[in-house]
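Data block below; observations after.
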Amino acid sequence: MRIRLFYFVLIFSFLVSIHLQAEDGYRLWLRYDEIKDTQKLDTYRASITSWIIEGSSPTLKVAGDELNMGLKGLLGEPIPSVNTIEEEGVLLVGTPSSSPLIASLNLDEQLRGLPEEGFIITRTSANGHSTMVIAANGEVGVLYGTYHFLKLLQTHQDIDKLSVKSAPDVQHRILNHWDNLDRTVERGYAGFSLWDWHKLPDFIDPRYIDYARANASVGINGTVITSVNANALILTPAYMEKAAALADVFRPYGLKVYLTARFSAPVEIGGLETADPLDPAVQKWWKDKVDEIYTYIPDFGGFLVKANSEGQPGPQDYGRNHAEGANMLADAVAEHGGIVMWRAFVYSEEVPDDRAKQAYDEFKPLDGSFRDNVMVQVKNGAIDFQPREPFHPLFGAMPQTPLMMEFQITQEYLGQATHLVYLAPFFEEVLQADTYAQGEGSTVAKVIDGSLHNYQLTGVAGVANIGTDRNWTGHHFGQANWYAFGRLTWDMGLSSEAIAEEWIGMTFTNEEGAMKTIKSMMLNSHEAVVNYMTPLGLHHIMGPGHHYGPGPWVKEMSRPDWTSVYYHRADEEGIGFDRTASGSNAVAQYFPPVAEKFSNLQQCPDKYLLWFHHLDWDYKMKSDQILWDEIAYHYQAGVDTVRQMQESWNSLESEVDEERFKHVQAFLEIQKKEAVWWKDACLSYFQTFSDRPIPEGVEKPEQSLEYYQSQRFPFAPGIRPRW
Ligand code: GCW
């Protein structure tokens, strides 16, 4: 009997330990496993023997908890917290105002000018002992510094001569969740919404805390928890109470809650007859509503608004413009220090002009007419988060209105959750693009960080790719995009390569060879998806509605600018959207050197060719190939890169835990199948116009065009629910 019990206990503990070690990706990049490199481990153990955080605020407490957990995990033994510095090896953490020890160190010089969120990590002498210090002017800065320090250990950096000074490039670094109150997520591919509205505020899922930790670890300081296709119910007391419970969890992590405002809320839940922003009763309704919100969430961040776009209500319903709508809400939140993020993603089916021009045409004339606490949130490109787009012409064009960048982290048009696509190279490409707004060097990054036009408000938003999937993002590598978004918005000068290295080191391995292999998979992945979906500037040729898979033939939709044929304009002569002076002239929205470059066939980069030009199938490319062949080669190159990614990944079998290895391996197989599908479907379709053979070296389509056209995916994930 005893023996049986013994075996039972043994097997049980074995199963428990397996479970504890489950490599399901839940821990993201905050894994804190014991450092395997024994030399590093010994050095770290010798340099960090204890730590001190003086002060007891909620933020300092979570910083202490993280440090405790991180050090214990990484160093493989508990590192005690102490009260005084009596030896070398103490890690001292805090702000001059919360920590007398830090105050005594005379760090004024180094801390001067650092915003509350910034931090320094340095080595100095305290009580006559060489001491490592993480210091900041604000407590959130302490938390950010703590994460940064742990990252140095996670990525095996030298901590002997520490000299880090870091502050964010933009003030508002915000996730936009397109989460509905029924927990579906528009364009979400990682399960359901994290927010369990039904059980809030009573049940606080521990996952909310891990969500906040992950965000804080990369410097994200705001979250819009509801979809831009807004539901007015969020502004009713029952829901505000729930949102307040989330805000309470997030607050210590420096993460502010924002809500989306449905413009017609005064009518829908307020009993008014109009939502006209110039109507005093409407203004009062919003003012009272905002006052009420602040009683629930005292540090409420403000509103994000999608208005008069894709059927959403807005000021134009009452003959008012976007500024009048935004300003009304801005006035309501102003006295509480709130902001309004007003989206520029507008296009009307009634405007017969090129959709790419509409946001600029509508917003540019309003430059300077927004209140000081409004930012206009502009998507990275003028159409809609396509695999690749040239930068939005509004960047640089509104010197008197702070423009906020909106990136999409969820991969709506980039293979959704099953394709490995590392987005940082694309984000970097957009941020580093030169608008020429004030001559050479006027990059988009300088518009966004406020330095070009001296914006007083700055921000970047990212549409989140997070859901209830155990690994948060569906694809393990989707985590890298969440990570990269945070890192890049903190420091827009970081290279996508450097960010990839950090993430790989924290998530998979620091071993040089494996790191290199994973990095090259990541860095090539964006170009690959562009090649197998929309090479050479093609865009918006995906399946209708769900946006899954190829659909270049789509031509019957409720509005022409939702079809594919509107964008590729393929005919017997050629393909591409003429946006030069002979066509829609969208190119004129850019500053002259850029407009000139995109218009001129010799200068227009190949990657934007068919975005701006309609060209003959036998147009001679710079490569000397004719256009048709070049398109085909790009599709093939995309497929080939995915195959290489598969090979690379397979070579890592012994370097990566089995669970994540197999998961990624299976997803890469899906990606390969779908890359081939995109190539075959698009080439078969375009061939009906080009009437030219598939060139040598390009694999022939596996099925007929009719086959591809007959595919239906009624339950593809992420579709907007019809209420
Ligand atoms: O990309 C499109 C999406 C819509 C989305 C819209 C927007 C939230 O297909 O699902 O709606 O953009 O950004 O408002």
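Chain identifiers are assigned as A, B, and so on, following the order in which chains appear in the structure tokens; residues are numbered from 1 within each chain, and ligands are numbered from 1 in order of appearance.
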Exercise. Could you report the residues within 8 Å of ligand 1, using only C-alpha atoms and all ligand atoms, as a list in words?
Key: Trp178, Glu186, Arg187, Ser227, Val228, Asn229, Lys306, Ser309, Glu310, Phe345, Asp384, Phe385, Glu412, Gly545, His546, His547, Ile719 and Arg720 of chain A
Exercise. Extract, using only C-alpha atoms, all DNA, RNA and protein residues at most 12 Å from A:Thr410, discarding same-chain residues fewer than 4 positions from it, and format them as a PyMOL selection string.
Key: chain A and resi 175-178+185-190+385-387+406+414-423+462-467+472-475+477-482+485+718
Quiz item: Which is closest to A:Ala216 among A:Leu143, A:Val290, A:Ala244, A:Leu92, if we use only C-alpha atoms?
Solution: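 Closest candidate: A:Leu143.
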Quiz item: Which is closest to A:Tyr360 among A:His392, A:His336, A:Lys199, A:Arg27, if we use only C-alpha atoms?
Solution: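 Counting only C-alpha atoms, the residue closest to A:Tyr360 is A:His392.
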Quiz prompt | Shortest interatomic distance to A:Leu536 - which of A:Asp279, A:Asp449, A:Glu389, A:Asp691, counting only C-alpha atoms | solution =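 The answer is A:Glu389, which sits nearest to A:Leu536.
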Practice problem: Determine which residues of stretch 273-333 of chain A receive a DSSP assignment of helix (DSSP H, G or I), computed from the backbone, and state them as a ChimeraX atom specification. | Solution: /A:280-296,315-318,322-333
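Atom CA of A:Val224 is positioned 19.2 Å from atom CA of A:Ile448.
Put simply, atom CA of A:Gln377 is 5.7 Å away from atom CA of A:Trp342.
Here atom CA of A:Ser97 is placed at a distance of 28.9 Å from atom CA of A:Ala334.
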Quiz item: Can you tell me, as a list in words, what residues are no more than 7 Å from A:Lys672 when counting only C-alpha atoms, ignoring any on the same chain fewer than 2 positions away?
Solution: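 Skipping anything fewer than 2 positions along the chain leaves Val639, Val642, Arg643, Leu668, Glu669, Ile670, Glu674, Ala675 and Val676 of chain A.
Neighbouring residues of A:Thr236 at 10 Å or closer, counting only C-alpha atoms and skipping chain neighbours under 4 positions away, are Ala232, Met240, Glu241, Ala265, Ile269, Gly270, Lys289, Glu292 and Ile293 of chain A.
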Okay, now the selection with N, CA, C and O atoms, as a tab-separated table (two decimals), in the first residue's frame?
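Heads up, here's the output in again_35.tsv:
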```tsv
chain	number	residue	atom	x	y	z
A	232	ALA	N	-21.96	51.63	-27.81
A	232	ALA	CA	-22.20	52.67	-26.80
A	232	ALA	C	-22.38	52.09	-25.40
A	232	ALA	O	-22.20	52.80	-24.40
A	240	MET	N	-18.82	50.55	-17.31
A	240	MET	CA	-17.74	51.40	-16.81
A	240	MET	C	-17.14	50.79	-15.55
A	240	MET	O	-15.94	50.88	-15.31
A	241	GLU	N	-17.97	50.15	-14.77
A	241	GLU	CA	-17.48	49.49	-13.56
A	241	GLU	C	-16.51	48.36	-13.92
A	241	GLU	O	-15.49	48.16	-13.27
A	265	ALA	N	-23.71	57.86	-29.35
A	265	ALA	CA	-24.08	57.44	-28.00
A	265	ALA	C	-25.14	58.33	-27.34
A	265	ALA	O	-26.04	57.83	-26.67
A	269	ILE	N	-27.83	55.81	-26.02
A	269	ILE	CA	-28.00	55.51	-24.58
A	269	ILE	C	-28.36	56.75	-23.78
A	269	ILE	O	-28.62	56.66	-22.59
A	270	GLY	N	-28.39	57.91	-24.46
A	270	GLY	CA	-28.64	59.15	-23.71
A	270	GLY	C	-30.03	59.70	-23.88
A	270	GLY	O	-30.40	60.68	-23.23
A	289	LYS	N	-21.05	62.71	-19.15
A	289	LYS	CA	-20.61	61.32	-19.31
A	289	LYS	C	-19.14	61.19	-18.94
A	289	LYS	O	-18.72	60.26	-18.23
A	292	GLU	N	-18.55	61.39	-15.35
A	292	GLU	CA	-18.94	60.11	-14.74
A	292	GLU	C	-17.84	59.06	-14.94
A	292	GLU	O	-17.50	58.33	-14.01
A	293	ILE	N	-17.30	59.00	-16.14
A	293	ILE	CA	-16.23	58.02	-16.39
A	293	ILE	C	-15.08	58.24	-15.40
A	293	ILE	O	-14.54	57.30	-14.84
```
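Taking only C-alpha atoms into account, A:Pro115 lies nearest to A:Glu139 out of the set A:Met398, A:Gly543, A:Glu139, A:Ala103.
For A:Pro201, the set of protein, DNA and RNA residues having any atom at most 6 Å away, when counting only C-alpha atoms and skipping those fewer than 2 positions along the same chain, is A:Phe203, A:Lys242, A:Ala245.
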Please produce an output containing C-alpha atoms for each residue in the selection, written as an mmCIF file, in the first residue's frame.
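Full text of again-v2.cif as output:
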```
data_model
loop_
_atom_site.group_PDB
_atom_site.id
_atom_site.type_symbol
_atom_site.label_atom_id
_atom_site.label_comp_id
_atom_site.auth_asym_id
_atom_site.auth_seq_id
_atom_site.Cartn_x
_atom_site.Cartn_y
_atom_site.Cartn_z
ATOM 1 C CA PHE A 203 -13.466 38.016 -11.265
ATOM 2 C CA LYS A 242 -15.973 46.577 -15.435
ATOM 3 C CA ALA A 245 -11.679 46.978 -12.622
#
```
Name the residues of stretch 225-431 of chain A that fall into strand (DSSP E) according to DSSP on the backbone, using the chain letters and numbers of this document, as a PDB file with N, CA and C atoms, in the first residue's frame.
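Full text of part25.pdb as output:
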```
ATOM      1  N   LYS A 256      -2.507  52.905 -18.991  1.00  0.00           N
ATOM      2  CA  LYS A 256      -3.768  53.644 -18.877  1.00  0.00           C
ATOM      3  C   LYS A 256      -4.842  53.039 -19.751  1.00  0.00           C
ATOM      4  N   VAL A 257      -6.073  53.134 -19.288  1.00  0.00           N
ATOM      5  CA  VAL A 257      -7.200  52.631 -20.068  1.00  0.00           C
ATOM      6  C   VAL A 257      -7.850  53.770 -20.859  1.00  0.00           C
ATOM      7  N   TYR A 258      -8.144  53.486 -22.097  1.00  0.00           N
ATOM      8  CA  TYR A 258      -8.882  54.389 -22.994  1.00  0.00           C
ATOM      9  C   TYR A 258     -10.092  53.620 -23.514  1.00  0.00           C
ATOM     10  N   LEU A 259     -11.107  54.356 -23.939  1.00  0.00           N
ATOM     11  CA  LEU A 259     -12.284  53.699 -24.507  1.00  0.00           C
ATOM     12  C   LEU A 259     -12.575  54.275 -25.884  1.00  0.00           C
ATOM     13  N   THR A 260     -13.322  53.510 -26.650  1.00  0.00           N
ATOM     14  CA  THR A 260     -13.770  54.050 -27.929  1.00  0.00           C
ATOM     15  C   THR A 260     -15.135  54.703 -27.709  1.00  0.00           C
ATOM     16  N   GLY A 302      -8.727  58.724 -22.146  1.00  0.00           N
ATOM     17  CA  GLY A 302      -9.464  59.485 -23.152  1.00  0.00           C
ATOM     18  C   GLY A 302     -10.099  58.557 -24.174  1.00  0.00           C
ATOM     19  N   PHE A 303     -10.471  59.162 -25.323  1.00  0.00           N
ATOM     20  CA  PHE A 303     -11.239  58.418 -26.327  1.00  0.00           C
ATOM     21  C   PHE A 303     -10.460  58.193 -27.622  1.00  0.00           C
ATOM     22  N   LEU A 304     -10.757  57.058 -28.225  1.00  0.00           N
ATOM     23  CA  LEU A 304     -10.347  56.804 -29.605  1.00  0.00           C
ATOM     24  C   LEU A 304     -11.631  56.761 -30.423  1.00  0.00           C
ATOM     25  N   VAL A 305     -11.643  57.447 -31.565  1.00  0.00           N
ATOM     26  CA  VAL A 305     -12.896  57.545 -32.316  1.00  0.00           C
ATOM     27  C   VAL A 305     -12.705  57.233 -33.807  1.00  0.00           C
ATOM     28  N   ILE A 339      -7.213  62.845 -23.510  1.00  0.00           N
ATOM     29  CA  ILE A 339      -6.953  63.167 -24.915  1.00  0.00           C
ATOM     30  C   ILE A 339      -7.981  62.475 -25.817  1.00  0.00           C
ATOM     31  N   VAL A 340      -8.040  62.957 -27.051  1.00  0.00           N
ATOM     32  CA  VAL A 340      -8.883  62.320 -28.062  1.00  0.00           C
ATOM     33  C   VAL A 340      -7.997  61.907 -29.231  1.00  0.00           C
ATOM     34  N   MET A 341      -8.127  60.645 -29.602  1.00  0.00           N
ATOM     35  CA  MET A 341      -7.409  60.156 -30.785  1.00  0.00           C
ATOM     36  C   MET A 341      -8.460  59.957 -31.868  1.00  0.00           C
ATOM     37  N   TRP A 342      -8.410  60.807 -32.860  1.00  0.00           N
ATOM     38  CA  TRP A 342      -9.460  60.836 -33.885  1.00  0.00           C
ATOM     39  C   TRP A 342      -8.878  60.217 -35.145  1.00  0.00           C
ATOM     40  N   ARG A 343      -9.501  59.166 -35.627  1.00  0.00           N
ATOM     41  CA  ARG A 343      -8.881  58.432 -36.740  1.00  0.00           C
ATOM     42  C   ARG A 343      -9.109  59.113 -38.089  1.00  0.00           C
ATOM     43  N   VAL A 374      -6.076  66.904 -28.975  1.00  0.00           N
ATOM     44  CA  VAL A 374      -6.497  65.939 -30.008  1.00  0.00           C
ATOM     45  C   VAL A 374      -5.279  65.499 -30.803  1.00  0.00           C
ATOM     46  N   MET A 375      -5.211  64.198 -31.056  1.00  0.00           N
ATOM     47  CA  MET A 375      -4.252  63.704 -32.039  1.00  0.00           C
ATOM     48  C   MET A 375      -5.046  63.049 -33.160  1.00  0.00           C
ATOM     49  N   VAL A 376      -4.614  63.259 -34.379  1.00  0.00           N
ATOM     50  CA  VAL A 376      -5.255  62.570 -35.494  1.00  0.00           C
ATOM     51  C   VAL A 376      -4.448  61.303 -35.761  1.00  0.00           C
ATOM     52  N   GLN A 377      -5.147  60.190 -35.689  1.00  0.00           N
ATOM     53  CA  GLN A 377      -4.469  58.891 -35.799  1.00  0.00           C
ATOM     54  C   GLN A 377      -4.538  58.396 -37.241  1.00  0.00           C
ATOM     55  N   VAL A 378      -3.375  58.256 -37.853  1.00  0.00           N
ATOM     56  CA  VAL A 378      -3.277  57.972 -39.287  1.00  0.00           C
ATOM     57  C   VAL A 378      -2.651  56.594 -39.503  1.00  0.00           C
ATOM     58  N   LYS A 379      -3.302  55.775 -40.308  1.00  0.00           N
ATOM     59  CA  LYS A 379      -2.706  54.465 -40.614  1.00  0.00           C
ATOM     60  C   LYS A 379      -1.397  54.647 -41.369  1.00  0.00           C
ATOM     61  N   LEU A 403      -0.008  64.303 -35.371  1.00  0.00           N
ATOM     62  CA  LEU A 403      -0.433  63.076 -36.035  1.00  0.00           C
ATOM     63  C   LEU A 403       0.142  61.894 -35.275  1.00  0.00           C
ATOM     64  N   MET A 404      -0.696  60.918 -35.098  1.00  0.00           N
ATOM     65  CA  MET A 404      -0.302  59.716 -34.377  1.00  0.00           C
ATOM     66  C   MET A 404      -0.240  58.589 -35.395  1.00  0.00           C
ATOM     67  N   MET A 405       0.723  57.736 -35.287  1.00  0.00           N
ATOM     68  CA  MET A 405       0.827  56.606 -36.219  1.00  0.00           C
ATOM     69  C   MET A 405      -0.080  55.476 -35.768  1.00  0.00           C
ATOM     70  N   GLU A 406      -0.746  54.839 -36.723  1.00  0.00           N
ATOM     71  CA  GLU A 406      -1.469  53.602 -36.400  1.00  0.00           C
ATOM     72  C   GLU A 406      -0.883  52.467 -37.218  1.00  0.00           C
ATOM     73  N   PHE A 407      -0.249  51.536 -36.528  1.00  0.00           N
ATOM     74  CA  PHE A 407       0.214  50.308 -37.169  1.00  0.00           C
ATOM     75  C   PHE A 407      -0.779  49.198 -36.857  1.00  0.00           C
ATOM     76  N   GLN A 408      -0.748  48.163 -37.683  1.00  0.00           N
ATOM     77  CA  GLN A 408      -1.575  47.005 -37.361  1.00  0.00           C
ATOM     78  C   GLN A 408      -0.656  45.849 -36.974  1.00  0.00           C
TER      79      GLN A 408
END
```
